[in-house]
Amino acid sequence: MTDLAHLTRRMEIDALYADYAHCLDNDALEEWPEFFTEDCRYRITSAENFEAGLPLGIVYATSQAMLVDRVMALRKANIYEPQRYRHLVGAIKPGAEEEGMLSVVANFIVVRTMQDGAMTIFAAGRYVDRLVRRGAGWKFAAKEVVLDSRQIDTLLAIPL
Amino acid sequence: MTDLAHLTRRMEIDALYADYAHCLDNDALEEWPEFFTEDCRYRITSAENFEAGLPLGIVYATSQAMLVDRVMALRKANIYEPQRYRHLVGAIKPGAEEEGMLSVVANFIVVRTMQDGAMTIFAAGRYVDRLVRRGAGWKFAAKEVVLDSRQIDTLLAIPL
Amino acid sequence: MTDLAHLTRRMEIDALYADYAHCLDNDALEEWPEFFTEDCRYRITSAENFEAGLPLGIVYATSQAMLVDRVMALRKANIYEPQRYRHLVGAIKPGAEEEGMLSVVANFIVVRTMQDGAMTIFAAGRYVDRLVRRGAGWKFAAKEVVLDSRQIDTLLAIPL
Amino acid sequence: MDTHALAWPMEGNSRVPYRVFSDPGIYRTELDRLFLGRTWQFLVLANELPDPGDYKTTFLGETPIVVARGEDGELHAMLNRCAHRGNLVCLKRQGHTDDGLTCVYHSWNYDLAGNLKSVAFRRGIAGKGGMPESFKLEDHGLRKLRTDHFAGLVFGTLSEDAPPLAEYIGNEIGGRLGRVMRAKPKILGTTSQILHNNWKLYVENVKDTYHATLLHTFFTTFRVSRLTAGGGVAVSESGGNHTSYTRGKTDTLGAAASDKLYANIQSMKDGVQLADPRLLDATEEFGDDITVQILSVFPNFVLQQIHNSVAVRLVLPKGPNETELQWIYLGFEDDDAAMTERRLLQSNLVGPAGYVSMEDGAVGNFVQRAIVGSEDECSVIEMGGFDHVSDNTRTTEASIRGFWHAYRPLMGY
Amino acid sequence: MDTHALAWPMEGNSRVPYRVFSDPGIYRTELDRLFLGRTWQFLVLANELPDPGDYKTTFLGETPIVVARGEDGELHAMLNRCAHRGNLVCLKRQGHTDDGLTCVYHSWNYDLAGNLKSVAFRRGIAGKGGMPESFKLEDHGLRKLRTDHFAGLVFGTLSEDAPPLAEYIGNEIGGRLGRVMRAKPKILGTTSQILHNNWKLYVENVKDTYHATLLHTFFTTFRVSRLTAGGGVAVSESGGNHTSYTRGKTDTLGAAASDKLYANIQSMKDGVQLADPRLLDATEEFGDDITVQILSVFPNFVLQQIHNSVAVRLVLPKGPNETELQWIYLGFEDDDAAMTERRLLQSNLVGPAGYVSMEDGAVGNFVQRAIVGSEDECSVIEMGGFDHVSDNTRTTEASIRGFWHAYRPLMGY
Amino acid sequence: MDTHALAWPMEGNSRVPYRVFSDPGIYRTELDRLFLGRTWQFLVLANELPDPGDYKTTFLGETPIVVARGEDGELHAMLNRCAHRGNLVCLKRQGHTDDGLTCVYHSWNYDLAGNLKSVAFRRGIAGKGGMPESFKLEDHGLRKLRTDHFAGLVFGTLSEDAPPLAEYIGNEIGGRLGRVMRAKPKILGTTSQILHNNWKLYVENVKDTYHATLLHTFFTTFRVSRLTAGGGVAVSESGGNHTSYTRGKTDTLGAAASDKLYANIQSMKDGVQLADPRLLDATEEFGDDITVQILSVFPNFVLQQIHNSVAVRLVLPKGPNETELQWIYLGFEDDDAAMTERRLLQSNLVGPAGYVSMEDGAVGNFVQRAIVGSEDECSVIEMGGFDHVSDNTRTTEASIRGFWHAYRPLMGY
Ligand code: FES
Ligand code: FES
Ligand code: FES
Ligand SMILES: [Fe+3]
Ligand SMILES: [Fe+3]
Ligand SMILES: [Fe+3]
């Protein structure tokens, strides 16, 4: 792979994570499932579960359709106070690309702001992802959101 | 635009935001107005005001000269306890470039540290900016600092 | 230096800081000294000491061997509660390259999570580094971790 | 400490024991006797909730309130606490409803005046469960506030025997209030500050005509306002309400003598000029030469006019050592684009980043930190003497003494 | 406020003064009389610590506890506080030791039953220092708890005179508990929520059969559960323990009538379908038609069965206004891969992000915020009448009244 | 709980009720009787503020203090609280002024000894306002502390009847203090730790000669210090001050026997070597063979010599459960570059990341967490017996008993 190809791929991946952050932070939840493949796996879990090899997910989805259902429930069924996230994603580290599947790890911190203005560090952790190329860009074939903390403040409504 | 040109522009923009952060975080306030054009607009507001279309700014400037005045007042007139910011800027996302004007959005988190050592998340939010090319680099023709929170802890002295 | 060379070097440096963050955040402490040269200098200090020109380090090492000793002590001698860091590093700014020595400054924020799940902003500040090329990549010939705060919460075990 | 009864110094209103700014027991008594007691507190602008079903939440002290525009076109204020098991009935800070107020917990539904209209499954299901016969909807409404209007501002109280609002404000202060609220207000934006100090330290600061030109050196440096300018302070009979006003274009001593005076007290910097003077390009809009007017109504309402910057400030207690200061920046319906731009530029003077207000966000905390261990010592409030009467000088702390004059009987001190 | 004695309303268990949810003095009394007193509290699963030397830490209220598997194969529970100068003996939340429990501060060593085995330098060095002759190892062990088992769950208490666990739980609730814990449990994972409300607001919520289908509109919208479905609630004689159960496949009114009923109370959305219905693809595993069963044991243990999602919940007080809710998600040793996957998918229903539980994480805080200033007002708990007996309806608050019936004598109200 | 009077156990200084480490009422009494009472507390190094106008802020307990070098060349210490309305007079932690101390709030100006020199607009403006005739500058200075010096260290107290500093420290401890402060100190740097525990838990830790080689396994592993080495502890007559000292190069038992002893108590790791031994490359600088000396002066001053690492530690209470531990690392004016480098390398041993001190930052919090619910239980302090006298062993808790001996009468226990 040429340096230029490497650099271009890197720019594409950085853009994917930037778009993902803006999607969630700007309440464009309806677009969120489109970052994933149809047969994707998505899980939010704690480092404690992750490292113990326990399969539980705080959110556990095995298809893009389940992500669509999650958004629909948030919009139509679930009740929670107005709140917003602010994602900072860093240390994005692509690994080896095998049969069109690229593994990527990254660090994130999410600050949550409630309607009254109170800000807290809601989540910190790492993404353990598998990306596949789709046309000009990339999609998540698998995304594990591994939270450093075993505790969730109040509730987790908006995805991470 | 070639891939290489794209990549180069991207590196320039990243550098602009990095320099901007170091300028504010290292108390080089006198250099801060130089990141802006002479007829720039600069506003700090809350997401609540921004989304309601309310024009108010916590800081509201319509020229580079007003930014110079802000710095002069901080140095010569206003009284506030020693404090420092630490900016982390991410998800920098350039949009379309139209008549030499490039729109860019980015996420930020600012940790404020007081002289006694107390650290807090002082601000989280997004930049909604318009950049113009000036020689080798870029300047802000317009910068909106959109804070997720409607609350400011104690006071806002140093710009964001 | 060509644009492409610039871009490639930049990607290498970003990768160095990303690998450094993952090393510390994923408890691969044994690999940590390998980010440094044999005769490296490493210091953690406060902005207060740094700006006053005081030489003290909270951690003060003048060789890679001392970093090896630090890790060994953490593993075999020192007692502290299970905890993990999450680094976000940004505004990475390479300076001039002189006789093979490249100076780089960067901002960082570290969130610390204790075993019960409590998260805090443990550290915020800047890296003031000197890098040298080693084979394909770079190593730290000198690293100053300059903390914005003069206070450390409880203790500092894992390096920054 | 918080069990220790407070003996007010015999000097009266010119001495304030620092304990009142930090004692948790005193704070709880304030919530009870002041904020839930015989005082009027600002709720909303009269035209802020135009349509039936519009509502907004706020606080009396720390107690959540909802204000709603009823089907009858009237504003109704009630505690934002469900009569069933105490859930917040309105979760959003501001909103609109087309079917009254419904509590999310068990779907009890109230009308916009707080009357209970329906109870989910009141009759049970298939003849089982449900509420007992003895349960009457009319016994379980939301607790209602009295509301009253003045100059486009809506106030509320839980007290049955508080005097009418106009009487509570008083004639002189009322006139000053009407002067600023000269037309239908238009909200330009809002912001809020978290102050790490007792709420009364901020209220003292607002009433403190003495500090402005000394602490806020921007005022003096750029001659926005000086104590040597004409002006004065008015205090209501109750003592609790005040107005200070400045005739900024005049100087009782003349610029040179004034400069000299301020030079001596070291809050003056020389040779400072604005690179872009549009910031201070004010215009006369109130039909008089008063350039700055600060007004307060006991215990926690503030109305500010600084040139063309008009704002309501609400001081909300959040604990013995914490306060939220809410700002509502106003224009008026007759503003043209130029006037709006003028107000926006002048808004740089006030708020959390205001050239002449940022210090007020910090100084209360400085006092809060300084008085630890000195709870039995007192502040000394003798500037301008010992009384709390109106006078045509601002070199006085009369309106602060007035505040304590109104505060003490309510608290039993 | 916190020194003010509480007079319980004469209405009894159908009225609860809001003060009990915020008063620091009442909270401290609860820690003492409830959590360190005559109640049984969940510690661990019986098969969670299989080997001698395995240990896990938990809490009785806010008091740290360690549970260890002894060399004798028995589980021992003790205060996690060194008898020397009070250090935490076990620093890790869970772990294994091969040489008993050693305090890091001065290396005092205890066996796995909490008996003090050795004291570093007890005899001094070279004839100097060391412990006095009067010091006896046997006088300085870790304080021990009583433990008891039921259906694979281990409970503990500091009380000598608490009844045996089975008696404390009661026959009916015990049977319901055994129904769910039908085989050796397997932990699928754990999580925890920090709730910004008093612990009892969450316990009321768990016992509240009335709220489920109203607050959690996902339940009704997707017909997972409705009050119109068959079911009921069982309350133990003590009042403190309960089970609610739903026969989800039945509807006492029929779907149409039920839809109409819910439409009226506005917690129903139309035309909503799951794009991927595997989420709700449940299977019958408990040998009856009960689709949802929620069970609690006084004061702070919860066992949930929602279709195939089984979880233990432990409610830990962390202050008057803060609570940790711990979740342990379970499968059983006979689960095949498909069953495990089913449980994992259904786990989306519960926990911090659960479709039918996320609201419970917030509503307690809504109440906590709403009652400020209303400490002397009361909640009204009359749904289903005034008693706390078992009945085949869930349109009742009987099990909540039962909680207060058990709470009051222990607290002396 | 915090209203409950404390009855000290009849065992005396060998038993400490855990309540004293968490009770808010006891904490407030400590601030009043200890920190604002009859004790001497470290303020600054005598040569830290060389020039008139130099000032630094610190605390007596939680009460803000400013220390300034006067025009007279003397150091003056005062409360950092303005006599007007209580603002912090000095906002910067450290600084220099050329025109005395001016409060930013209303520009009242004090000289460097805290005497009020001028009041802004004291005479009003144009004959209106200003201070009343009865107001006298001399009645409104900053409250002053007594200060006293010892071995280049400046201490202060608010007490009129505290004995002279040298007498308060005592001869033996004074000699040990002078031994370390052998020349004019040079600050190498400072740092600070926030400890989430009561201040006394850290003070006990400092005085605890028993824990060092057990908790800090680095000590033993690398043979930096062992209890088997020669040494001892000295306690002042008051009980409140102490020195422990180690002759690290000696071993009363011999290395082999010592290794065996430590092996048994499991704080020893084998075969551990430093890859870069320069860390421990110490040199003899105090004219004796004492390698480690820890010294404390009641209530909150610590002076440490660990080989060539010299530091002052100040223990500042920040609430019942929080403490700030400030470190000032010292060299001496006669240090050459090699000596400075040596001190910097050895500074790795101490401070927040110190190889032999990081555990001390955490262990107090471990105790704080462990004692919740055990407020009426007691720690057991019997190592070395029951008294608090000097002895040539460190296998004792005598100096901890001494601390409580000094603490109890001041608190009335
Ligand atoms: S609490 Fe409002 S309906 Fe039950
Ligand atoms: S506190 Fe446990 S051994 Fe000393
Ligand atoms: S408070 Fe210091 S001058 Fe007024
Ligand atoms: Fe002011
Ligand atoms: Fe629920
Ligand atoms: Fe120690």
# chains A, B, ... in the order shown; residues from 1 in each chain; ligands from 1
call {"tool": "residues_near_ligand", "arguments": {"ligand": "ligand 5", "cutoff": "6 Å", "atoms": "only C-alpha atoms and all ligand atoms", "output": "ChimeraX atom specification"}}
result
/E:212,357,360
call {"tool": "write_last_selection", "arguments": {"atoms": "all heavy atoms", "output": "compact mmCIF listing (two decimals), in the first residue's frame"}}
result
# COMPACT_ATOMS: atom_id res chain seq x y z
N ALA E 212 -45.99 0.26 36.08
CA ALA E 212 -45.20 -0.39 35.03
C ALA E 212 -45.74 -0.09 33.63
O ALA E 212 -45.01 0.38 32.75
CB ALA E 212 -45.13 -1.90 35.27
N SER E 357 -37.09 -0.31 31.60
CA SER E 357 -36.55 0.00 32.93
C SER E 357 -35.79 1.30 32.98
O SER E 357 -35.51 1.81 34.06
CB SER E 357 -35.61 -1.14 33.38
OG SER E 357 -34.43 -1.10 32.61
N ASP E 360 -37.15 3.96 35.22
CA ASP E 360 -37.03 3.77 36.67
C ASP E 360 -35.74 4.37 37.22
O ASP E 360 -35.66 4.69 38.41
CB ASP E 360 -37.08 2.28 37.01
CG ASP E 360 -38.41 1.66 36.63
OD1 ASP E 360 -39.43 2.36 36.72
OD2 ASP E 360 -38.41 0.49 36.20
call {"tool": "residues_around", "arguments": {"residues": "segment 302-309 of chain E", "least_positions_apart": "2", "cutoff": "9 Å", "atoms": "only C-alpha atoms", "output": "PyMOL selection string"}}
result
chain E and resi 177+180+203+206+280+282-285+290-298+300+311-315+329-331+339+342-347+349-350
call {"tool": "residues_near_ligand", "arguments": {"ligand": "ligand 6", "cutoff": "10 Å", "atoms": "only C-alpha atoms and all ligand atoms", "output": "MDAnalysis selection string"}}
result
(chainID E and resid 105) or (chainID F and resid 202 204:216 350 356:361 363)
call {"tool": "residues_near_ligand", "arguments": {"ligand": "ligand 2", "cutoff": "6 Å", "atoms": "only C-alpha atoms and all ligand atoms", "output": "list in words"}}
result
Cys82, His84, Arg85, Gly86, Asn87, Cys103, Tyr105, His106, Ser107 and Trp108 of chain E
call {"tool": "closest_residue", "arguments": {"among": "E:Ile65, E:Leu88, E:Leu75, E:Ala46", "to": "chain C", "atoms": "only C-alpha atoms"}}
result
E:Leu88
call {"tool": "interface_residues", "arguments": {"of": "chain D", "to": "chain E", "cutoff": "9 Å", "atoms": "only C-alpha atoms", "output": "number ranges by chain"}}
result
D: 25, 28, 31-32, 36, 61-65, 79-89, 91, 104-109, 118-122, 124-126, 128-132, 135
call {"tool": "residues_around", "arguments": {"residues": "Thr147 of chain E", "least_positions_apart": "3", "cutoff": "8 Å", "atoms": "only C-alpha atoms", "output": "list of chain:residue names"}}
result
E:His76, E:Ala77, E:Val154, E:Phe155, E:Gly156, E:Thr157
call {"tool": "write_last_selection", "arguments": {"atoms": "N, CA and C atoms", "output": "CSV table (one decimal), in the first residue's frame"}}
result
chain,number,residue,atom,x,y,z
E,76,HIS,N,-18.2,-17.5,54.7
E,76,HIS,CA,-18.1,-16.7,55.9
E,76,HIS,C,-18.3,-15.3,55.5
E,77,ALA,N,-19.0,-14.5,56.3
E,77,ALA,CA,-19.2,-13.1,56.0
E,77,ALA,C,-18.8,-12.3,57.2
E,154,VAL,N,-27.3,-16.3,49.0
E,154,VAL,CA,-26.8,-16.2,50.3
E,154,VAL,C,-27.1,-14.8,50.9
E,155,PHE,N,-27.7,-14.8,52.0
E,155,PHE,CA,-28.0,-13.5,52.7
E,155,PHE,C,-27.3,-13.4,54.0
E,156,GLY,N,-27.1,-12.2,54.5
E,156,GLY,CA,-26.4,-12.0,55.8
E,156,GLY,C,-27.1,-11.0,56.7
E,157,THR,N,-26.8,-11.1,58.0
E,157,THR,CA,-27.4,-10.1,58.9
E,157,THR,C,-26.4,-9.9,60.1
call {"tool": "atom_distance", "arguments": {"atom1": "atom CA of Val235 of chain F", "atom2": "atom CA of Glu172 of chain F"}}
result
8.2 Å
call {"tool": "closest_residue", "arguments": {"among": "B:Arg86, B:Lys139, B:Arg130, B:Lys93", "to": "Tyr20 of chain A", "atoms": "only C-alpha atoms"}}
result
B:Lys93
call {"tool": "atom_distance", "arguments": {"atom1": "atom CA of Val145 of chain A", "atom2": "atom CA of Val128 of chain A"}}
result
6.7 Å
call {"tool": "residues_around", "arguments": {"residues": "His149 of chain F", "least_positions_apart": "3", "cutoff": "12 Å", "atoms": "only C-alpha atoms", "output": "list in words"}}
result
Trp40, Gln41, Phe42, Leu43, Val44, Leu45, Ala46, Asn47, Glu74, Leu75, His76, Arg146, Gly152, Leu153, Val154, Phe155, Gly156, Thr157, Pro164, Leu165, Ala166, Glu167, Tyr168, Ile169, Gly174 and Gly178 of chain F
call {"tool": "select_by_dssp", "arguments": {"residues": "segment 1-159 of chain B", "states": "alpha helix (DSSP H)", "output": "ChimeraX atom specification"}}
result
/B:3-25,47-52,64-76
call {"tool": "residues_around", "arguments": {"residues": "Leu7 of chain B", "least_positions_apart": "6", "cutoff": "8 Å", "atoms": "only C-alpha atoms", "output": "list of chain:residue names"}}
result
A:Leu7, A:Thr8, A:Met11, C:Leu7
call {"tool": "interface_residues", "arguments": {"of": "chain C", "to": "chain E", "cutoff": "9 Å", "atoms": "only C-alpha atoms", "output": "number ranges by chain"}}
result
C: 79-82, 115-117
call {"tool": "write_last_selection", "arguments": {"atoms": "N, CA, C and O atoms", "output": "PDB file, in the first residue's frame"}}
result
ATOM      1  N   ILE C  79       1.504  -0.812  46.512  1.00  0.00           N
ATOM      2  CA  ILE C  79       0.128  -1.250  46.748  1.00  0.00           C
ATOM      3  C   ILE C  79      -0.803  -0.093  46.417  1.00  0.00           C
ATOM      4  O   ILE C  79      -0.647   1.010  46.946  1.00  0.00           O
ATOM      5  N   TYR C  80      -1.729  -0.316  45.524  1.00  0.00           N
ATOM      6  CA  TYR C  80      -2.725   0.724  45.210  1.00  0.00           C
ATOM      7  C   TYR C  80      -3.969   0.034  44.668  1.00  0.00           C
ATOM      8  O   TYR C  80      -3.894  -1.084  44.158  1.00  0.00           O
ATOM      9  N   GLU C  81      -5.092   0.699  44.809  1.00  0.00           N
ATOM     10  CA  GLU C  81      -6.363   0.116  44.387  1.00  0.00           C
ATOM     11  C   GLU C  81      -6.403  -0.036  42.875  1.00  0.00           C
ATOM     12  O   GLU C  81      -5.873   0.824  42.158  1.00  0.00           O
ATOM     13  N   PRO C  82      -7.082  -1.085  42.378  1.00  0.00           N
ATOM     14  CA  PRO C  82      -7.224  -1.219  40.924  1.00  0.00           C
ATOM     15  C   PRO C  82      -7.832   0.049  40.320  1.00  0.00           C
ATOM     16  O   PRO C  82      -8.774   0.619  40.867  1.00  0.00           O
ATOM     17  N   GLN C 115     -12.053   1.008  40.668  1.00  0.00           N
ATOM     18  CA  GLN C 115     -12.727  -0.281  40.499  1.00  0.00           C
ATOM     19  C   GLN C 115     -14.217  -0.204  40.805  1.00  0.00           C
ATOM     20  O   GLN C 115     -15.013  -0.964  40.257  1.00  0.00           O
ATOM     21  N   ASP C 116     -14.623   0.726  41.682  1.00  0.00           N
ATOM     22  CA  ASP C 116     -16.061   0.811  41.977  1.00  0.00           C
ATOM     23  C   ASP C 116     -16.822   1.532  40.871  1.00  0.00           C
ATOM     24  O   ASP C 116     -18.046   1.564  40.894  1.00  0.00           O
ATOM     25  N   GLY C 117     -16.083   2.134  39.931  1.00  0.00           N
ATOM     26  CA  GLY C 117     -16.715   2.770  38.798  1.00  0.00           C
ATOM     27  C   GLY C 117     -16.640   4.289  38.817  1.00  0.00           C
ATOM     28  O   GLY C 117     -16.996   4.930  37.826  1.00  0.00           O
TER      29      GLY C 117
END
call {"tool": "select_by_dssp", "arguments": {"residues": "chain A", "states": "strand (DSSP E)", "output": "ChimeraX atom specification"}}
result
/A:36-46,59-61,83-98,101-114,119-134,137-147,151-153
call {"tool": "interface_residues", "arguments": {"of": "chain B", "to": "chain A", "cutoff": "6 Å", "atoms": "only C-alpha atoms", "output": "list of chain:residue names"}}
result
B:Gly90, B:Ala91, B:Ser149, B:Arg150, B:Gln151
